[in-house]
$ cat work.cif   # mmCIF, C-alpha atoms
data_data
#
loop_
_atom_site.label_atom_id
_atom_site.label_comp_id
_atom_site.auth_asym_id
_atom_site.auth_seq_id
_atom_site.Cartn_x
_atom_site.Cartn_y
_atom_site.Cartn_z
CA MET R 1 -59.29 23.11 -37.13
CA VAL R 2 -62.68 23.91 -35.65
CA VAL R 3 -66.00 22.34 -36.67
CA LEU R 4 -68.16 25.32 -37.61
CA GLN R 5 -71.43 23.37 -37.78
CA PRO R 6 -71.45 20.00 -35.99
CA LEU R 7 -73.65 17.08 -36.94
CA SER R 8 -77.07 17.05 -35.28
CA ASN R 9 -79.20 14.11 -34.15
CA GLN R 10 -82.03 13.04 -36.45
CA SER R 11 -85.10 10.84 -36.22
CA VAL R 12 -86.41 9.64 -39.57
CA ARG R 13 -88.75 7.06 -41.04
CA GLN R 14 -87.75 3.96 -42.90
CA GLY R 15 -87.41 4.53 -46.64
CA GLU R 16 -86.50 8.22 -46.42
CA ARG R 17 -83.42 9.78 -47.97
CA VAL R 18 -81.17 11.15 -45.21
CA THR R 19 -78.50 13.84 -45.50
CA LEU R 20 -75.92 14.33 -42.75
CA GLU R 21 -73.84 17.51 -42.95
CA CYS R 22 -71.17 19.26 -40.97
CA ALA R 23 -69.23 22.40 -41.85
CA ILE R 24 -65.54 23.12 -41.41
CA PRO R 25 -63.39 26.03 -42.58
CA ALA R 26 -62.95 25.83 -46.37
CA PHE R 27 -59.19 26.48 -46.18
CA PRO R 28 -56.90 24.78 -45.74
CA ALA R 29 -58.58 21.87 -47.51
CA PRO R 30 -58.63 18.64 -45.51
CA GLU R 31 -56.31 15.80 -46.43
CA LYS R 32 -58.98 13.29 -45.52
CA VAL R 33 -62.73 13.21 -44.80
CA GLN R 34 -64.03 9.96 -43.32
CA TRP R 35 -67.47 8.84 -42.19
CA PHE R 36 -68.21 6.12 -39.66
CA ARG R 37 -71.34 4.34 -38.43
CA ASN R 38 -70.90 2.73 -35.02
CA GLU R 39 -67.12 3.17 -35.49
CA VAL R 40 -67.05 1.23 -38.78
CA GLU R 41 -65.87 3.31 -41.73
CA ILE R 42 -68.40 4.00 -44.49
CA PHE R 43 -67.34 4.29 -48.12
CA THR R 44 -69.19 5.62 -51.16
CA SER R 45 -71.47 2.88 -52.52
CA PRO R 46 -74.96 2.57 -54.02
CA ASP R 47 -76.30 3.10 -50.46
CA TYR R 48 -74.01 5.95 -49.36
CA THR R 49 -72.74 9.07 -51.13
CA ILE R 50 -69.87 10.94 -49.48
CA SER R 51 -68.82 14.39 -50.65
CA PHE R 52 -66.82 17.44 -49.61
CA SER R 53 -67.22 20.87 -51.17
CA VAL R 54 -66.05 24.27 -49.91
CA GLY R 55 -66.08 23.33 -46.24
CA LEU R 56 -69.24 21.19 -46.28
CA CYS R 57 -68.86 17.48 -45.46
CA THR R 58 -71.90 15.46 -46.58
CA LEU R 59 -73.08 11.89 -46.24
CA VAL R 60 -76.28 10.93 -48.06
CA ILE R 61 -78.06 7.67 -47.28
CA ALA R 62 -80.19 6.94 -50.36
CA GLU R 63 -82.86 4.93 -48.51
CA VAL R 64 -82.65 4.48 -44.76
CA PHE R 65 -83.63 1.26 -42.97
CA PRO R 66 -83.84 0.44 -39.24
CA GLU R 67 -80.42 -1.26 -39.43
CA ASP R 68 -78.95 2.13 -40.48
CA ALA R 69 -79.71 3.53 -37.03
CA GLY R 70 -76.73 4.27 -34.84
CA THR R 71 -73.98 6.75 -34.09
CA TYR R 72 -72.46 8.53 -37.10
CA ARG R 73 -69.15 10.35 -37.00
CA CYS R 74 -67.48 12.60 -39.53
CA MET R 75 -63.71 12.76 -39.05
CA VAL R 76 -61.74 15.42 -40.92
CA THR R 77 -57.95 15.50 -40.98
CA VAL R 78 -56.30 18.88 -41.60
CA SER R 79 -52.52 19.37 -41.37
CA GLY R 80 -52.23 15.86 -39.91
CA VAL R 81 -54.63 16.61 -37.04
CA PRO R 82 -57.95 14.69 -36.91
CA ASN R 83 -61.11 16.35 -35.61
CA SER R 84 -64.59 14.87 -35.53
CA THR R 85 -68.24 15.43 -34.76
CA THR R 86 -70.87 12.79 -33.97
CA MET R 87 -74.63 12.41 -34.10
CA ARG R 88 -77.27 9.79 -33.41
CA LEU R 89 -79.62 8.57 -36.16
CA GLN R 90 -82.89 6.95 -35.13
CA VAL R 91 -84.96 5.14 -37.75
CA ALA R 92 -88.63 4.32 -37.18
CA GLY R 93 -89.68 1.19 -39.07
CA GLN R 94 -92.90 0.77 -40.95
CA TYR R 95 -95.35 -1.39 -39.08
CA SER R 96 -98.32 -3.27 -40.36
CA VAL R 97 -100.88 -5.14 -38.35
CA THR R 98 -103.28 -7.70 -39.67
CA ALA R 99 -106.20 -8.65 -37.49
CA VAL R 100 -108.51 -11.52 -38.26
CA ALA R 101 -111.78 -11.76 -36.37
CA THR R 102 -113.72 -14.99 -36.39
CA SER R 103 -116.58 -13.54 -34.39
CA VAL R 104 -117.64 -10.18 -33.04
CA ARG R 105 -118.46 -9.76 -29.39
CA PRO R 106 -120.04 -6.46 -28.29
CA TRP R 107 -117.90 -6.31 -25.11
CA LEU R 108 -114.61 -6.61 -26.99
CA HIS R 109 -112.53 -3.52 -27.68
CA VAL R 110 -109.15 -3.77 -29.39
CA LYS R 111 -106.60 -0.98 -29.16
CA LEU R 112 -103.49 -1.01 -31.32
CA ASP R 113 -100.47 1.23 -30.84
CA CYS R 114 -96.92 1.22 -32.18
CA ARG R 115 -95.42 -0.31 -29.06
CA ASN R 116 -97.99 -2.85 -27.97
CA LEU R 117 -100.83 -4.91 -29.26
CA ARG R 118 -103.27 -5.00 -26.38
CA LEU R 119 -106.66 -6.54 -25.86
CA LEU R 120 -108.79 -4.34 -23.62
CA HIS R 121 -112.12 -4.99 -22.02
CA LYS R 122 -114.40 -1.96 -22.41
CA SER R 123 -115.06 -1.75 -18.69
CA SER R 124 -111.37 -1.93 -17.77
CA PRO R 125 -108.53 0.19 -19.18
CA THR R 126 -105.94 -2.42 -18.18
CA PRO R 127 -104.80 -5.07 -20.68
CA VAL R 128 -106.15 -8.57 -20.22
CA SER R 129 -104.42 -11.66 -21.50
CA HIS R 130 -107.66 -13.51 -22.20
CA PRO R 131 -111.14 -12.21 -22.94
CA PRO R 132 -113.52 -12.33 -20.01
CA PRO R 133 -115.75 -15.40 -19.92
CA LEU R 134 -118.95 -15.22 -21.90
CA SER R 135 -122.09 -14.92 -19.83
CA SER R 136 -125.63 -15.71 -20.68
CA GLN R 137 -126.64 -12.11 -19.94
CA PRO R 138 -126.52 -9.51 -22.75
#

$ encode --input "work.cif" --output "structure tokens"
Amino acid sequence: MVVLQPLSNQSVRQGERVTLECAIPAFPAPEKVQWFRNEVEIFTSPDYTISFSVGLCTLVIAEVFPEDAGTYRCMVTVSGVPNSTTMRLQVAGQYSVTAVATSVRPWLHVKLDCRNLRLLHKSSPTPVSHPPPLSSQP
């Protein structure tokens, strides 16, 4: 048996519905279609829907979370011979940042990005661990 359309890597956001599909020849019909995440078999549940129809193997993840990230494999057994295809699923989490300022200093510039929370001094593009000392000059 040959996989006609292998699984392909995906990057998705937390909370999305994800569909993984691979195509195999419709005949002969497989004896078994199995899905794995990080080599642990997945079964149909409220979180996962597994289906096979006319050569299309499908796994639907109803709502993806960062812990769903990993390597997925669809293994199809036809005439006693297993064949599989794999893919990598990356899940970006939802981030929230709460900043509380007790005072405002005109020299202070805060830059937030998804990887780092950095405090930057306006005159220097490099992160500083502490704000520069206050001076009596404006």

$ resolve_selection --input "work.cif" --expression "the PyMOL selection byres ((chain R and resi 88) around 12)" --output "list in words"
Leu7, Ser8, Asn9, Gln10, Ser11, Val12, Leu20, Phe36, Arg37, Asn38, Asp68, Ala69, Gly70, Thr71, Tyr72, Arg73, Cys74, Thr85, Thr86, Met87, Leu89, Gln90 and Val91 of chain R

$ write_last_selection --input "work.cif" --atoms "C-alpha atoms" --output "PDB file, in the frame of the given file"
ATOM      1  CA  LEU R   7     -73.650  17.080 -36.940  1.00  0.00           C
ATOM      2  CA  SER R   8     -77.070  17.050 -35.280  1.00  0.00           C
ATOM      3  CA  ASN R   9     -79.200  14.110 -34.150  1.00  0.00           C
ATOM      4  CA  GLN R  10     -82.030  13.040 -36.450  1.00  0.00           C
ATOM      5  CA  SER R  11     -85.100  10.840 -36.220  1.00  0.00           C
ATOM      6  CA  VAL R  12     -86.410   9.640 -39.570  1.00  0.00           C
ATOM      7  CA  LEU R  20     -75.920  14.330 -42.750  1.00  0.00           C
ATOM      8  CA  PHE R  36     -68.210   6.120 -39.660  1.00  0.00           C
ATOM      9  CA  ARG R  37     -71.340   4.340 -38.430  1.00  0.00           C
ATOM     10  CA  ASN R  38     -70.900   2.730 -35.020  1.00  0.00           C
ATOM     11  CA  ASP R  68     -78.950   2.130 -40.480  1.00  0.00           C
ATOM     12  CA  ALA R  69     -79.710   3.530 -37.030  1.00  0.00           C
ATOM     13  CA  GLY R  70     -76.730   4.270 -34.840  1.00  0.00           C
ATOM     14  CA  THR R  71     -73.980   6.750 -34.090  1.00  0.00           C
ATOM     15  CA  TYR R  72     -72.460   8.530 -37.100  1.00  0.00           C
ATOM     16  CA  ARG R  73     -69.150  10.350 -37.000  1.00  0.00           C
ATOM     17  CA  CYS R  74     -67.480  12.600 -39.530  1.00  0.00           C
ATOM     18  CA  THR R  85     -68.240  15.430 -34.760  1.00  0.00           C
ATOM     19  CA  THR R  86     -70.870  12.790 -33.970  1.00  0.00           C
ATOM     20  CA  MET R  87     -74.630  12.410 -34.100  1.00  0.00           C
ATOM     21  CA  LEU R  89     -79.620   8.570 -36.160  1.00  0.00           C
ATOM     22  CA  GLN R  90     -82.890   6.950 -35.130  1.00  0.00           C
ATOM     23  CA  VAL R  91     -84.960   5.140 -37.750  1.00  0.00           C
TER      24      VAL R  91
END

$ resolve_selection --input "work.cif" --expression "the PyMOL selection byres ((chain R and resi 48-63) around 6)" --output "list in words"
Gly15, Glu16, Arg17, Val18, Thr19, Leu20, Glu21, Cys22, Ala23, Ile24, Pro25, Ala26, Thr44, Ser45, Pro46, Asp47 and Val64 of chain R

$ write_last_selection --input "work.cif" --atoms "C-alpha atoms" --output "tab-separated table (two decimals), keeping the file's coordinate frame"
chain	number	residue	atom	x	y	z
R	15	GLY	CA	-87.41	4.53	-46.64
R	16	GLU	CA	-86.50	8.22	-46.42
R	17	ARG	CA	-83.42	9.78	-47.97
R	18	VAL	CA	-81.17	11.15	-45.21
R	19	THR	CA	-78.50	13.84	-45.50
R	20	LEU	CA	-75.92	14.33	-42.75
R	21	GLU	CA	-73.84	17.51	-42.95
R	22	CYS	CA	-71.17	19.26	-40.97
R	23	ALA	CA	-69.23	22.40	-41.85
R	24	ILE	CA	-65.54	23.12	-41.41
R	25	PRO	CA	-63.39	26.03	-42.58
R	26	ALA	CA	-62.95	25.83	-46.37
R	44	THR	CA	-69.19	5.62	-51.16
R	45	SER	CA	-71.47	2.88	-52.52
R	46	PRO	CA	-74.96	2.57	-54.02
R	47	ASP	CA	-76.30	3.10	-50.46
R	64	VAL	CA	-82.65	4.48	-44.76

$ residues_around --input "work.cif" --residues "Val33 (chain R)" --least-positions-apart "5" --cutoff "7 Å" --atoms "all atoms listed in the file" --output "PyMOL selection string"
chain R and resi 75-77

$ atom_distance --input "work.cif" --atom1 "CA of Pro6 (chain R)" --atom2 "CA of Asn83 (chain R)"
11.0 Å

$ atom_distance --input "work.cif" --atom1 "CA of Gln34 (chain R)" --atom2 "CA of Ser84 (chain R)"
9.2 Å

$ atom_distance --input "work.cif" --atom1 "CA of Val40 (chain R)" --atom2 "CA of Pro28 (chain R)"
26.6 Å

$ closest_residue --input "work.cif" --among "R:Gln5, R:Phe27, R:Arg13, R:Glu39" --to "Ser79 (chain R)" --atoms "all atoms listed in the file"
R:Phe27

$ build_atoms --input "work.cif" --residues "region 38-51 of chain R" --atoms "N, CA and C atoms" --output "compact mmCIF listing (two decimals), in the coordinates of the input"
# COMPACT_ATOMS: atom_id res chain seq x y z
N ASN R 38 -71.26 3.61 -36.14
CA ASN R 38 -70.90 2.73 -35.02
C ASN R 38 -69.43 2.32 -35.11
N GLU R 39 -68.58 3.32 -35.42
CA GLU R 39 -67.12 3.17 -35.49
C GLU R 39 -66.61 2.29 -36.63
N VAL R 40 -67.47 1.96 -37.59
CA VAL R 40 -67.05 1.23 -38.78
C VAL R 40 -67.08 2.22 -39.94
N GLU R 41 -65.95 2.31 -40.66
CA GLU R 41 -65.87 3.31 -41.73
C GLU R 41 -66.85 3.00 -42.86
N ILE R 42 -67.45 4.06 -43.38
CA ILE R 42 -68.40 4.00 -44.49
C ILE R 42 -67.68 4.53 -45.73
N PHE R 43 -67.91 3.86 -46.85
CA PHE R 43 -67.34 4.29 -48.12
C PHE R 43 -68.47 4.55 -49.12
N THR R 44 -68.20 5.37 -50.13
CA THR R 44 -69.19 5.62 -51.16
C THR R 44 -69.59 4.29 -51.81
N SER R 45 -70.90 4.11 -51.96
CA SER R 45 -71.47 2.88 -52.52
C SER R 45 -72.85 3.23 -53.06
N PRO R 46 -73.59 2.26 -53.60
CA PRO R 46 -74.96 2.57 -54.02
C PRO R 46 -75.84 3.07 -52.87
N ASP R 47 -75.50 2.69 -51.63
CA ASP R 47 -76.30 3.10 -50.46
C ASP R 47 -75.86 4.43 -49.87
N TYR R 48 -74.58 4.76 -49.99
CA TYR R 48 -74.01 5.95 -49.36
C TYR R 48 -73.28 6.81 -50.39
N THR R 49 -73.49 8.12 -50.31
CA THR R 49 -72.74 9.07 -51.13
C THR R 49 -72.01 10.01 -50.18
N ILE R 50 -70.70 10.07 -50.32
CA ILE R 50 -69.87 10.94 -49.48
C ILE R 50 -69.29 12.04 -50.36
N SER R 51 -69.39 13.29 -49.87
CA SER R 51 -68.82 14.39 -50.65
C SER R 51 -68.26 15.47 -49.72
